[in-house]
file run15.tsv (TSV, C-alpha atoms)
chain	number	residue	atom	x	y	z
A	1	MET	CA	113.33	77.45	107.23
A	2	GLU	CA	110.14	79.44	107.73
A	3	ASP	CA	107.62	78.67	110.48
A	4	ARG	CA	110.15	76.90	112.66
A	5	PRO	CA	110.48	77.67	116.38
A	6	ALA	CA	113.30	80.09	117.07
A	7	PRO	CA	116.34	78.67	118.87
A	8	LYS	CA	116.50	79.45	122.58
A	9	ASP	CA	120.22	79.81	123.18
A	10	THR	CA	123.58	80.54	121.61
A	11	GLU	CA	124.23	76.97	120.55
A	12	GLY	CA	120.84	76.81	118.89
A	13	TRP	CA	121.52	79.95	116.89
A	14	LEU	CA	124.94	78.68	115.85
A	15	ALA	CA	123.28	75.47	114.68
A	16	ARG	CA	120.76	77.53	112.71
A	17	ALA	CA	123.61	79.51	111.15
A	18	ALA	CA	125.32	76.24	110.23
A	19	GLU	CA	122.12	75.13	108.47
A	20	VAL	CA	122.12	78.36	106.46
A	21	ALA	CA	125.78	77.85	105.63
A	22	ALA	CA	125.08	74.32	104.40
A	23	VAL	CA	122.51	75.70	101.96
A	24	LEU	CA	124.85	78.44	100.77
A	25	ALA	CA	127.74	76.01	100.35
A	26	THR	CA	125.93	73.88	97.78
A	27	ASP	CA	126.43	76.42	94.99
A	28	ALA	CA	128.76	79.02	96.51
A	29	ALA	CA	131.35	78.83	93.73
A	30	ALA	CA	128.72	79.16	91.00
A	31	ARG	CA	127.02	82.08	92.70
A	32	ASP	CA	130.37	83.81	93.16
A	33	LYS	CA	131.06	83.43	89.46
A	34	ALA	CA	127.62	84.73	88.48
A	35	ALA	CA	127.82	87.71	90.87
A	36	ALA	CA	124.04	88.18	90.74
A	37	THR	CA	122.23	90.36	93.26
A	38	PRO	CA	121.72	88.07	96.29
A	39	TYR	CA	118.01	88.55	96.89
A	40	ALA	CA	117.46	84.84	97.59
A	41	GLU	CA	120.41	84.68	99.95
A	42	VAL	CA	119.13	87.61	102.03
A	43	GLN	CA	115.68	86.02	102.12
A	44	LEU	CA	117.32	82.85	103.43
A	45	LEU	CA	118.84	84.88	106.27
A	46	LYS	CA	115.42	86.34	107.04
A	47	ASP	CA	113.65	82.99	106.92
A	48	ALA	CA	116.22	81.54	109.31
A	49	GLY	CA	115.66	84.40	111.78
A	50	LEU	CA	119.26	85.51	111.62
A	51	VAL	CA	118.52	89.12	110.68
A	52	THR	CA	116.71	89.70	113.99
A	53	LEU	CA	119.36	88.00	116.11
A	54	LEU	CA	120.16	91.18	118.08
A	55	GLY	CA	116.57	92.42	118.14
A	56	PRO	CA	114.50	92.67	121.32
A	57	VAL	CA	112.58	89.53	122.22
A	58	GLU	CA	109.38	91.45	122.91
A	59	HIS	CA	109.25	92.52	119.28
A	60	GLY	CA	110.16	89.17	117.74
A	61	GLY	CA	113.93	89.35	117.93
A	62	ALA	CA	116.25	86.76	119.44
A	63	GLY	CA	117.73	89.05	122.09
A	64	GLN	CA	121.23	87.65	121.58
A	65	ASP	CA	124.51	89.44	122.32
A	66	TRP	CA	127.44	90.58	120.18
A	67	PRO	CA	129.67	87.53	120.85
A	68	THR	CA	126.89	85.34	119.45
A	69	ALA	CA	126.41	87.64	116.45
A	70	TYR	CA	130.13	87.50	115.65
A	71	ARG	CA	130.11	83.71	115.74
A	72	VAL	CA	126.99	83.57	113.55
A	73	VAL	CA	128.72	85.79	110.99
A	74	ARG	CA	131.77	83.52	111.15
A	75	GLU	CA	129.62	80.45	110.55
A	76	VAL	CA	127.81	81.94	107.54
A	77	ALA	CA	131.08	83.23	106.07
A	78	LYS	CA	132.52	79.71	106.06
A	79	ALA	CA	130.21	78.99	103.14
A	80	ASP	CA	130.00	82.42	101.54
A	81	GLY	CA	132.19	85.35	102.53
A	82	SER	CA	129.96	87.85	100.74
A	83	ILE	CA	126.84	86.81	102.62
A	84	GLY	CA	128.81	86.73	105.86
A	85	GLN	CA	129.85	90.34	105.24
A	86	LEU	CA	126.31	91.39	104.36
A	87	LEU	CA	125.00	89.86	107.58
A	88	GLY	CA	127.77	91.39	109.67
A	89	TYR	CA	127.22	94.85	108.21
A	90	HIS	CA	123.48	94.43	108.75
A	91	TYR	CA	124.12	93.83	112.45
A	92	LEU	CA	126.32	96.93	112.59
A	93	TRP	CA	123.82	99.24	110.94
A	94	ASN	CA	120.94	97.81	112.94
A	95	TRP	CA	122.96	98.61	116.08
A	96	ALA	CA	123.90	102.10	114.84
A	97	ALA	CA	120.71	103.51	116.36
A	98	ARG	CA	121.65	102.21	119.81
A	99	LEU	CA	125.18	103.52	119.26
A	100	VAL	CA	124.27	107.17	118.71
A	101	ALA	CA	120.51	107.67	119.09
A	102	THR	CA	118.42	108.64	122.08
A	103	ARG	CA	116.71	105.85	123.96
A	104	GLU	CA	113.33	106.75	122.45
A	105	GLN	CA	114.82	106.65	118.95
A	106	TRP	CA	116.71	103.39	119.24
A	107	GLU	CA	113.86	101.59	120.95
A	108	HIS	CA	111.60	102.61	118.06
A	109	VAL	CA	114.12	101.55	115.40
A	110	GLU	CA	114.86	98.21	117.04
A	111	ALA	CA	111.18	97.42	117.47
A	112	GLU	CA	110.34	98.26	113.85
A	113	ALA	CA	113.40	96.41	112.55
A	114	ALA	CA	112.54	93.26	114.47
A	115	ARG	CA	108.83	93.31	113.60
A	116	ASN	CA	109.44	93.95	109.90
A	117	GLN	CA	112.66	91.94	109.48
A	118	TRP	CA	114.43	94.95	108.03
A	119	PHE	CA	117.70	94.22	106.30
A	120	PHE	CA	120.10	97.13	106.75
A	121	GLY	CA	122.59	98.71	104.37
A	122	GLY	CA	124.82	101.71	104.93
A	123	ALA	CA	126.01	104.64	102.82
A	124	VAL	CA	128.90	105.63	105.08
A	125	ASN	CA	132.46	105.86	103.75
A	126	PRO	CA	134.85	108.19	105.61
A	127	ARG	CA	137.39	108.34	102.77
A	128	ASP	CA	134.92	110.16	100.51
A	129	GLU	CA	133.94	113.82	100.67
A	130	ASP	CA	131.36	114.40	103.37
A	131	VAL	CA	127.72	114.28	102.44
A	132	VAL	CA	126.22	117.73	103.05
A	133	VAL	CA	123.24	117.82	105.40
A	134	LYS	CA	121.07	120.93	105.15
A	135	ASP	CA	118.68	122.13	107.82
A	136	GLU	CA	115.37	122.97	106.15
A	137	GLY	CA	113.23	123.64	109.19
A	138	ASP	CA	111.47	120.47	110.25
A	139	THR	CA	113.47	118.35	107.83
A	140	LEU	CA	117.04	117.65	106.74
A	141	THR	CA	118.31	116.89	103.25
A	142	PHE	CA	121.33	114.68	102.54
A	143	THR	CA	123.23	115.45	99.32
A	144	GLY	CA	126.47	113.91	98.04
A	145	ARG	CA	128.01	110.70	96.82
A	146	LYS	CA	129.67	107.71	98.50
A	147	SER	CA	131.92	105.19	96.77
A	148	PHE	CA	130.58	102.24	98.75
A	149	SER	CA	127.14	101.35	100.03
A	150	THR	CA	127.25	97.73	101.13
A	151	GLY	CA	123.83	96.10	100.98
A	152	SER	CA	122.36	98.66	98.56
A	153	LYS	CA	119.74	96.88	96.44
A	154	VAL	CA	119.11	94.02	98.90
A	155	SER	CA	118.50	96.33	101.87
A	156	ASP	CA	115.15	97.47	103.21
A	157	VAL	CA	116.61	100.51	104.96
A	158	THR	CA	119.89	102.40	104.59
A	159	VAL	CA	121.92	104.30	107.18
A	160	LEU	CA	122.97	107.74	105.94
A	161	GLU	CA	125.70	109.91	107.42
A	162	GLY	CA	126.77	113.45	106.64
A	163	VAL	CA	127.94	116.75	108.12
A	164	LEU	CA	125.47	119.48	109.01
A	165	GLU	CA	126.14	122.43	106.74
A	166	GLY	CA	128.16	125.19	108.41
A	167	THR	CA	129.21	122.95	111.32
A	168	ASP	CA	131.45	119.99	112.13
A	169	ASP	CA	128.50	118.00	113.45
A	170	HIS	CA	127.88	114.57	111.94
A	171	VAL	CA	124.33	113.34	111.47
A	172	PHE	CA	123.19	109.72	111.17
A	173	ALA	CA	119.72	108.78	109.98
A	174	ILE	CA	117.93	105.66	108.75
A	175	VAL	CA	115.79	105.90	105.61
A	176	PRO	CA	113.91	103.40	103.42
A	177	SER	CA	116.23	102.15	100.69
A	178	ASP	CA	113.68	103.13	98.06
A	179	SER	CA	113.63	106.76	99.24
A	180	GLU	CA	113.40	109.43	96.58
A	181	GLY	CA	116.86	110.73	95.75
A	182	LEU	CA	118.71	107.61	96.94
A	183	ILE	CA	120.33	106.18	93.82
A	184	PHE	CA	122.40	102.98	93.89
A	185	HIS	CA	124.87	102.68	91.02
A	186	ASP	CA	125.30	98.91	90.79
A	187	ASP	CA	129.00	99.39	89.96
A	188	TRP	CA	130.65	96.95	92.36
A	189	ASP	CA	132.97	94.88	90.14
A	190	ASN	CA	135.87	93.78	92.34
A	191	ILE	CA	137.80	90.52	92.48
A	192	GLY	CA	136.32	89.44	95.79
A	193	GLN	CA	133.23	89.80	97.99
A	194	ARG	CA	131.38	89.96	94.70
A	195	LEU	CA	127.87	89.52	96.15
A	196	THR	CA	128.03	92.28	98.77
A	197	GLU	CA	126.27	94.92	96.67
A	198	SER	CA	128.96	97.39	97.71
A	199	GLY	CA	128.73	99.81	94.79
A	200	GLY	CA	128.50	103.59	94.91
A	201	VAL	CA	125.47	105.64	95.82
A	202	THR	CA	124.28	109.16	95.10
A	203	LEU	CA	122.20	111.10	97.61
A	204	ASP	CA	120.18	113.75	95.81
A	205	ALA	CA	118.49	115.82	98.52
A	206	VAL	CA	117.23	112.75	100.40
A	207	ARG	CA	114.74	114.12	102.92
A	208	VAL	CA	114.75	113.07	106.57
A	209	PRO	CA	112.69	114.53	109.42
A	210	TRP	CA	114.74	116.13	112.19
A	211	SER	CA	113.14	113.64	114.57
A	212	ALA	CA	115.08	110.87	112.77
A	213	ALA	CA	118.48	112.52	113.28
A	214	ALA	CA	120.06	109.99	115.64
A	215	GLY	CA	121.02	111.38	119.03
A	216	TYR	CA	119.74	114.89	118.37
A	217	VAL	CA	117.37	116.66	120.75
A	218	ASP	CA	116.18	120.15	119.77
A	219	LYS	CA	118.72	120.03	116.92
A	220	ARG	CA	121.65	119.45	119.26
A	221	PHE	CA	123.59	116.19	119.53
A	222	ARG	CA	124.04	114.63	122.95
A	223	PRO	CA	127.39	112.80	122.93
A	224	ARG	CA	128.47	109.82	125.04
A	225	VAL	CA	131.77	107.95	125.15
A	226	TYR	CA	129.76	104.90	124.03
A	227	ASN	CA	129.33	106.62	120.64
A	228	THR	CA	133.01	105.91	119.96
A	229	LEU	CA	132.61	102.12	120.11
A	230	ASN	CA	131.70	102.10	116.42
A	231	VAL	CA	135.20	101.30	115.12
A	232	PRO	CA	136.13	98.44	117.48
A	233	THR	CA	132.70	96.87	116.95
A	234	ILE	CA	133.03	97.22	113.18
A	235	GLN	CA	136.52	95.74	113.23
A	236	LEU	CA	135.31	92.69	115.17
A	237	VAL	CA	132.71	92.09	112.47
A	238	PHE	CA	135.56	92.18	109.93
A	239	VAL	CA	137.50	89.69	112.04
A	240	SER	CA	134.46	87.42	112.12
A	241	PHE	CA	134.07	87.01	108.41
A	242	TYR	CA	137.83	86.87	107.80
A	243	LEU	CA	138.09	83.92	110.17
A	244	GLY	CA	134.92	82.39	108.78
A	245	ILE	CA	136.29	82.56	105.24
A	246	ALA	CA	139.56	81.02	106.42
A	247	ALA	CA	137.74	78.19	108.19
A	248	GLY	CA	135.64	77.56	105.10
A	249	ALA	CA	138.75	77.46	102.94
A	250	LEU	CA	140.43	74.96	105.24
A	251	GLU	CA	137.36	72.72	105.43
A	252	THR	CA	136.82	72.82	101.67
A	253	ALA	CA	140.49	72.14	100.98
A	254	ALA	CA	140.58	69.23	103.42
A	255	GLY	CA	137.60	67.67	101.67
A	256	TYR	CA	139.38	68.05	98.35
A	257	THR	CA	142.59	66.54	99.73
A	258	ARG	CA	140.72	63.53	101.09
A	259	THR	CA	138.85	62.81	97.88
A	260	LYS	CA	140.73	64.27	94.91
A	261	SER	CA	144.35	65.16	95.69
A	262	ARG	CA	146.98	62.72	94.50
A	263	ALA	CA	150.04	61.76	96.49
A	264	TRP	CA	153.33	62.92	94.96
A	265	LEU	CA	154.85	60.17	92.85
A	266	HIS	CA	158.22	60.37	94.62
A	267	GLY	CA	156.82	60.56	98.15
A	268	GLY	CA	156.30	56.88	98.72
A	269	HIS	CA	152.67	57.23	99.80
A	270	GLU	CA	149.53	55.98	98.13
A	271	HIS	CA	147.22	58.71	99.43
A	272	ALA	CA	147.72	62.47	99.76
A	273	VAL	CA	146.39	62.39	103.34
A	274	ASP	CA	149.45	60.32	104.31
A	275	GLU	CA	152.01	62.79	102.93
A	276	PRO	CA	154.00	64.19	105.90
A	277	TYR	CA	154.20	67.72	104.46
A	278	VAL	CA	150.47	67.72	103.79
A	279	ILE	CA	149.72	66.61	107.34
A	280	ASP	CA	152.12	69.22	108.73
A	281	THR	CA	150.59	72.04	106.69
A	282	TYR	CA	147.04	71.25	107.76
A	283	GLY	CA	148.19	71.02	111.36
A	284	ASP	CA	150.03	74.33	111.15
A	285	LEU	CA	147.16	76.22	109.52
A	286	THR	CA	144.57	74.75	111.85
A	287	ALA	CA	146.57	75.67	114.95
A	288	LYS	CA	146.94	79.25	113.74
A	289	LEU	CA	143.26	79.50	112.91
A	290	TRP	CA	142.15	78.07	116.25
A	291	ALA	CA	144.42	80.51	118.11
A	292	ALA	CA	142.97	83.48	116.20
A	293	GLU	CA	139.42	82.27	116.84
A	294	ALA	CA	140.14	81.94	120.57
A	295	LEU	CA	141.53	85.48	120.71
A	296	ALA	CA	138.51	86.76	118.76
A	297	ASP	CA	136.10	85.11	121.20
A	298	ALA	CA	137.98	86.51	124.21
A	299	VAL	CA	138.01	90.06	122.84
A	300	ALA	CA	134.32	89.80	121.89
A	301	ALA	CA	133.51	88.86	125.50
A	302	GLU	CA	135.50	91.87	126.74
A	303	GLY	CA	133.56	94.13	124.40
A	304	GLN	CA	130.20	92.78	125.53
A	305	LYS	CA	130.92	94.11	129.03
A	306	LEU	CA	131.04	97.61	127.54
A	307	HIS	CA	127.83	97.05	125.58
A	308	ASP	CA	126.10	95.81	128.74
A	309	ASP	CA	126.53	99.19	130.47
A	310	PRO	CA	126.83	101.91	127.80
A	311	ASP	CA	126.66	104.84	130.20
A	312	ALA	CA	129.62	103.51	132.19
A	313	VAL	CA	132.04	103.34	129.24
A	314	THR	CA	135.09	105.50	129.92
A	315	GLU	CA	137.67	106.82	127.48
A	316	ARG	CA	140.30	104.53	129.02
A	317	ALA	CA	138.11	101.43	128.82
A	318	ARG	CA	137.28	102.25	125.23
A	319	GLY	CA	140.95	102.81	124.35
A	320	GLU	CA	142.14	99.60	125.97
A	321	PHE	CA	139.43	97.68	124.15
A	322	GLU	CA	140.46	99.20	120.82
A	323	VAL	CA	144.05	98.00	121.38
A	324	ARG	CA	142.79	94.47	121.96
A	325	VAL	CA	140.62	94.71	118.84
A	326	ALA	CA	143.62	95.94	116.86
A	327	ALA	CA	145.54	92.86	117.97
A	328	VAL	CA	142.90	90.39	116.85
A	329	LYS	CA	142.34	92.32	113.60
A	330	ALA	CA	146.06	92.03	112.81
A	331	ARG	CA	146.14	88.31	113.64
A	332	ALA	CA	142.94	87.50	111.77
A	333	THR	CA	144.18	89.30	108.67
A	334	ASP	CA	147.49	87.45	108.60
A	335	VAL	CA	145.98	84.05	109.38
A	336	ALA	CA	143.16	84.38	106.84
A	337	LEU	CA	145.53	85.45	104.08
A	338	GLU	CA	147.93	82.61	104.88
A	339	VAL	CA	145.25	79.93	105.08
A	340	THR	CA	143.48	80.95	101.88
A	341	ASN	CA	146.80	81.10	100.02
A	342	ARG	CA	148.49	77.97	101.32
A	343	ILE	CA	145.56	75.59	100.80
A	344	PHE	CA	146.76	75.23	97.21
A	345	GLU	CA	150.02	73.72	98.45
A	346	VAL	CA	148.09	70.77	99.87
A	347	THR	CA	145.37	70.37	97.27
A	348	GLY	CA	147.51	70.31	94.15
A	349	ALA	CA	147.56	71.76	90.66
A	350	ARG	CA	144.16	70.40	89.66
A	351	ALA	CA	142.58	72.33	92.55
A	352	THR	CA	143.15	75.55	90.61
A	353	ALA	CA	140.38	74.61	88.16
A	354	SER	CA	137.74	77.32	87.98
A	355	ALA	CA	135.03	74.77	88.63
A	356	GLU	CA	136.46	74.08	92.11
A	357	GLY	CA	136.25	77.75	93.08
A	358	LEU	CA	138.96	77.51	95.73
A	359	ASP	CA	140.35	80.86	94.66
A	360	ARG	CA	137.24	82.67	95.93
A	361	PHE	CA	138.38	82.32	99.53
A	362	TRP	CA	141.66	84.18	98.92
A	363	ARG	CA	139.99	86.74	96.64
A	364	ASN	CA	137.39	87.50	99.30
A	365	VAL	CA	139.91	87.92	102.12
A	366	ARG	CA	142.38	89.87	100.00
A	367	THR	CA	139.69	92.28	98.84
A	368	HIS	CA	138.27	93.20	102.22
A	369	THR	CA	141.50	93.18	104.25
A	370	LEU	CA	142.53	96.22	102.20
A	371	HIS	CA	139.72	98.16	103.91
A	372	ASP	CA	142.29	99.80	106.21
A	373	PRO	CA	146.04	99.09	106.51
A	374	VAL	CA	146.76	96.43	109.11
A	375	ALA	CA	150.12	98.10	109.79
A	376	TYR	CA	148.23	100.89	111.53
A	377	LYS	CA	146.57	98.34	113.78
A	378	ARG	CA	149.98	96.99	114.76
A	379	ARG	CA	151.09	100.56	115.41
A	380	GLU	CA	148.25	101.04	117.88
A	381	ILE	CA	149.40	97.97	119.77
A	382	GLY	CA	153.09	98.84	119.68
A	383	ARG	CA	152.65	102.40	120.87
A	384	HIS	CA	150.46	101.23	123.72
A	385	VAL	CA	153.01	98.63	124.79
A	386	LEU	CA	155.96	101.05	124.60
A	387	THR	CA	154.43	104.30	125.85
A	388	GLY	CA	151.01	103.46	127.28
A	389	GLU	CA	149.37	105.54	124.56
A	390	LEU	CA	145.75	104.72	123.83
A	391	PRO	CA	144.24	105.17	120.34
A	392	GLN	CA	142.15	108.29	119.94
A	393	PRO	CA	138.75	107.67	118.39
A	394	THR	CA	138.73	108.26	114.64
A	395	TRP	CA	136.85	106.64	111.78
A	396	TYR	CA	139.56	103.96	111.73
A	397	SER	CA	140.79	103.63	115.32
call {"tool": "encode", "arguments": {"input": "run15.tsv", "output": "structure tokens"}}
result
Amino acid sequence: MEDRPAPKDTEGWLARAAEVAAVLATDAAARDKAAATPYAEVQLLKDAGLVTLLGPVEHGGAGQDWPTAYRVVREVAKADGSIGQLLGYHYLWNWAARLVATREQWEHVEAEAARNQWFFGGAVNPRDEDVVVKDEGDTLTFTGRKSFSTGSKVSDVTVLEGVLEGTDDHVFAIVPSDSEGLIFHDDWDNIGQRLTESGGVTLDAVRVPWSAAAGYVDKRFRPRVYNTLNVPTIQLVFVSFYLGIAAGALETAAGYTRTKSRAWLHGGHEHAVDEPYVIDTYGDLTAKLWAAEALADAVAAEGQKLHDDPDAVTERARGEFEVRVAAVKARATDVALEVTNRIFEVTGARATASAEGLDRFWRNVRTHTLHDPVAYKRREIGRHVLTGELPQPTWYS
């Protein structure tokens, strides 16, 4: 896909993402089983231009918006949920500079990222003990351990986060992934999302110049309400690859039903596609998926309005957006789990063969949807409906 003109609009980028997905789909089940480090897959994303989708045009990026990025992630995840997650997290960490940094900082990061096709990883996990950040004059050192560092070995740069020693101040910084003291453990061995390189990482006095501390001027952070859009934006990336995995499961299952499933011997039909319960199930699952996708697109468009004018984001606007994101997160979780489970009802016993790989869709969704309890998303919605309460910004709301 190298040396091809870049698409000019959203539809062109979605078509490019579909081309990438078609390549990934050819051996997705085998690659899932092998669980090898996805160097080639990330290079495919780079060659297709997808890694610079959000980058500034003047530096070689595509200049696209978040709604397009979400749909690109969804398209890639249809073929491979792991690569969809990697791409979605890459977009998040690439955007992290704009989220918290000064204009001078984020313009520099975005320009370098676009020119060099950086692929981003992130060593940020709020459930772990905080990484300790020490002030050593002109530099900072990050020391600690995180259980998850999605992207690890396939990333060019990694986002670090920790708490400045003796304060409650959080510090974000971007460092080369081969930095001295940054040690990836290669210990990701979970049932799903097997190619996400999400193992643990140790930070052993990783050095960062103060000038790279995002959003800090003269060693003081300059906060904005926009800084708190991290969680709703992250959650919409989750929604994107959940729905992409569900769509991929449904498409793959339908192909199997058309070509391999056998009609039940007591049903009176020659072909499985004529079985009334099979038809009903596909109709039911498709309707639920389409409804969730429509809600996801609507909420993404609402969020883009906030991204378009960061300095105008208010606490109320942010809170109302988070409630909407919570709603689509809850729906996407339920729909993706149902679709990836129920496809076996309409493909048949032989579809459970390891060679078919249909189980990977459910394993992928089930693994990542445990990231944070969906019940707490429903609580955000319910409390807002009943009392008008808006979620307060935390690492998970």
call {"tool": "atom_distance", "arguments": {"input": "run15.tsv", "atom1": "CA of Leu87 (chain A)", "atom2": "CA of Phe119 (chain A)"}}
result
8.6 Å
call {"tool": "residues_around", "arguments": {"input": "run15.tsv", "residues": "Gly55 (chain A)", "least_positions_apart": "3", "cutoff": "8 Å", "atoms": "all atoms listed in the file", "output": "PDB file with C-alpha atoms, keeping the file's coordinate frame"}}
result
ATOM      1  CA  THR A  52     116.710  89.700 113.990  1.00  0.00           C
ATOM      2  CA  HIS A  59     109.250  92.520 119.280  1.00  0.00           C
ATOM      3  CA  GLY A  60     110.160  89.170 117.740  1.00  0.00           C
ATOM      4  CA  GLY A  61     113.930  89.350 117.930  1.00  0.00           C
ATOM      5  CA  ALA A  62     116.250  86.760 119.440  1.00  0.00           C
ATOM      6  CA  GLY A  63     117.730  89.050 122.090  1.00  0.00           C
ATOM      7  CA  GLN A  64     121.230  87.650 121.580  1.00  0.00           C
ATOM      8  CA  GLU A 110     114.860  98.210 117.040  1.00  0.00           C
ATOM      9  CA  ALA A 111     111.180  97.420 117.470  1.00  0.00           C
ATOM     10  CA  ALA A 113     113.400  96.410 112.550  1.00  0.00           C
ATOM     11  CA  ALA A 114     112.540  93.260 114.470  1.00  0.00           C
TER      12      ALA A 114
END
call {"tool": "residues_around", "arguments": {"input": "run15.tsv", "residues": "region 361-373 of chain A", "least_positions_apart": "6", "cutoff": "8 Å", "atoms": "all atoms listed in the file", "output": "list in words"}}
result
Gly81, Ser82, Asn190, Ile191, Gly192, Gln193, Arg194, Tyr242, Ile245, Ala246, Gly248, Ala249, Thr333, Ala336, Leu337, Thr340, Asn341 and Tyr396 of chain A
call {"tool": "closest_residue", "arguments": {"input": "run15.tsv", "among": "A:Asp65, A:Glu11, A:Asp178, A:Asp274", "to": "Val154 (chain A)", "atoms": "all atoms listed in the file"}}
result
A:Asp178
call {"tool": "closest_atom_pairs", "arguments": {"input": "run15.tsv", "of": "region 54-136 of chain A", "to": "region 35-45 of chain A", "cutoff": "12 Å", "atoms": "only C-alpha atoms", "output": "Markdown table"}}
result
| residue | atom | partner | partner_atom | distance |
| --- | --- | --- | --- | --- |
| A:Val72 | CA | A:Leu45 | CA | 11.0 |
| A:Val73 | CA | A:Leu45 | CA | 11.0 |
| A:Val76 | CA | A:Leu45 | CA | 9.5 |
| A:Ala79 | CA | A:Glu41 | CA | 11.8 |
| A:Asp80 | CA | A:Glu41 | CA | 10.0 |
| A:Ser82 | CA | A:Pro38 | CA | 9.4 |
| A:Ile83 | CA | A:Glu41 | CA | 7.3 |
| A:Gly84 | CA | A:Leu45 | CA | 10.1 |
| A:Gln85 | CA | A:Val42 | CA | 11.5 |
| A:Leu86 | CA | A:Val42 | CA | 8.4 |
| A:Leu87 | CA | A:Leu45 | CA | 8.0 |
| A:Gly88 | CA | A:Leu45 | CA | 11.6 |
| A:His90 | CA | A:Val42 | CA | 10.5 |
| A:Gln117 | CA | A:Gln43 | CA | 9.9 |
| A:Trp118 | CA | A:Val42 | CA | 10.6 |
| A:Phe119 | CA | A:Val42 | CA | 8.0 |
| A:Phe120 | CA | A:Val42 | CA | 10.7 |
| A:Gly121 | CA | A:Val42 | CA | 11.9 |
call {"tool": "atom_distance", "arguments": {"input": "run15.tsv", "atom1": "CA of Asp280 (chain A)", "atom2": "CA of Lys78 (chain A)"}}
result
22.4 Å
call {"tool": "atom_distance", "arguments": {"input": "run15.tsv", "atom1": "CA of Pro310 (chain A)", "atom2": "CA of Asp218 (chain A)"}}
result
22.6 Å
call {"tool": "closest_residue", "arguments": {"input": "run15.tsv", "among": "A:Val273, A:Leu14, A:Ala298, A:Val374", "to": "Ala253 (chain A)", "atoms": "all atoms listed in the file"}}
result
A:Val273
call {"tool": "residues_around", "arguments": {"input": "run15.tsv", "residues": "Ala263 (chain A)", "least_positions_apart": "5", "cutoff": "10 Å", "atoms": "all atoms listed in the file", "output": "mmCIF file with C-alpha atoms, keeping the file's coordinate frame"}}
result
data_model
loop_
_atom_site.group_PDB
_atom_site.id
_atom_site.type_symbol
_atom_site.label_atom_id
_atom_site.label_comp_id
_atom_site.auth_asym_id
_atom_site.auth_seq_id
_atom_site.Cartn_x
_atom_site.Cartn_y
_atom_site.Cartn_z
ATOM 1 C CA THR A 257 142.590 66.540 99.730
ATOM 2 C CA GLY A 268 156.300 56.880 98.720
ATOM 3 C CA HIS A 269 152.670 57.230 99.800
ATOM 4 C CA GLU A 270 149.530 55.980 98.130
ATOM 5 C CA HIS A 271 147.220 58.710 99.430
ATOM 6 C CA ALA A 272 147.720 62.470 99.760
ATOM 7 C CA VAL A 273 146.390 62.390 103.340
ATOM 8 C CA ASP A 274 149.450 60.320 104.310
ATOM 9 C CA GLU A 275 152.010 62.790 102.930
ATOM 10 C CA VAL A 278 150.470 67.720 103.790
ATOM 11 C CA VAL A 346 148.090 70.770 99.870
ATOM 12 C CA THR A 347 145.370 70.370 97.270
ATOM 13 C CA GLY A 348 147.510 70.310 94.150
#
call {"tool": "closest_residue", "arguments": {"input": "run15.tsv", "among": "A:Asn230, A:Pro391, A:Asp334, A:Trp106", "to": "Gly215 (chain A)", "atoms": "all atoms listed in the file"}}
result
A:Trp106
call {"tool": "decode", "arguments": {"input": "run15.tsv", "residues": "region 330-349 of chain A", "atoms": "C-alpha atoms", "output": "PDB file, in the first residue's frame"}}
result
ATOM      1  CA  ALA A 330     -23.077   0.158  27.976  1.00  0.00           C
ATOM      2  CA  ARG A 331     -24.953  -0.629  24.752  1.00  0.00           C
ATOM      3  CA  ALA A 332     -21.839  -1.541  22.787  1.00  0.00           C
ATOM      4  CA  THR A 333     -20.671  -3.890  25.535  1.00  0.00           C
ATOM      5  CA  ASP A 334     -23.982  -5.736  25.712  1.00  0.00           C
ATOM      6  CA  VAL A 335     -24.447  -5.934  21.948  1.00  0.00           C
ATOM      7  CA  ALA A 336     -20.880  -7.089  21.261  1.00  0.00           C
ATOM      8  CA  LEU A 337     -21.054  -9.800  23.909  1.00  0.00           C
ATOM      9  CA  GLU A 338     -24.430 -11.001  22.628  1.00  0.00           C
ATOM     10  CA  VAL A 339     -23.418 -11.045  18.969  1.00  0.00           C
ATOM     11  CA  THR A 340     -20.115 -12.830  19.526  1.00  0.00           C
ATOM     12  CA  ASN A 341     -21.814 -15.429  21.727  1.00  0.00           C
ATOM     13  CA  ARG A 342     -24.969 -16.091  19.728  1.00  0.00           C
ATOM     14  CA  ILE A 343     -23.303 -16.549  16.330  1.00  0.00           C
ATOM     15  CA  PHE A 344     -22.703 -20.169  17.350  1.00  0.00           C
ATOM     16  CA  GLU A 345     -26.460 -20.736  17.533  1.00  0.00           C
ATOM     17  CA  VAL A 346     -26.726 -20.074  13.800  1.00  0.00           C
ATOM     18  CA  THR A 347     -23.484 -21.599  12.565  1.00  0.00           C
ATOM     19  CA  GLY A 348     -23.742 -24.989  14.225  1.00  0.00           C
ATOM     20  CA  ALA A 349     -21.579 -27.438  16.138  1.00  0.00           C
TER      21      ALA A 349
END
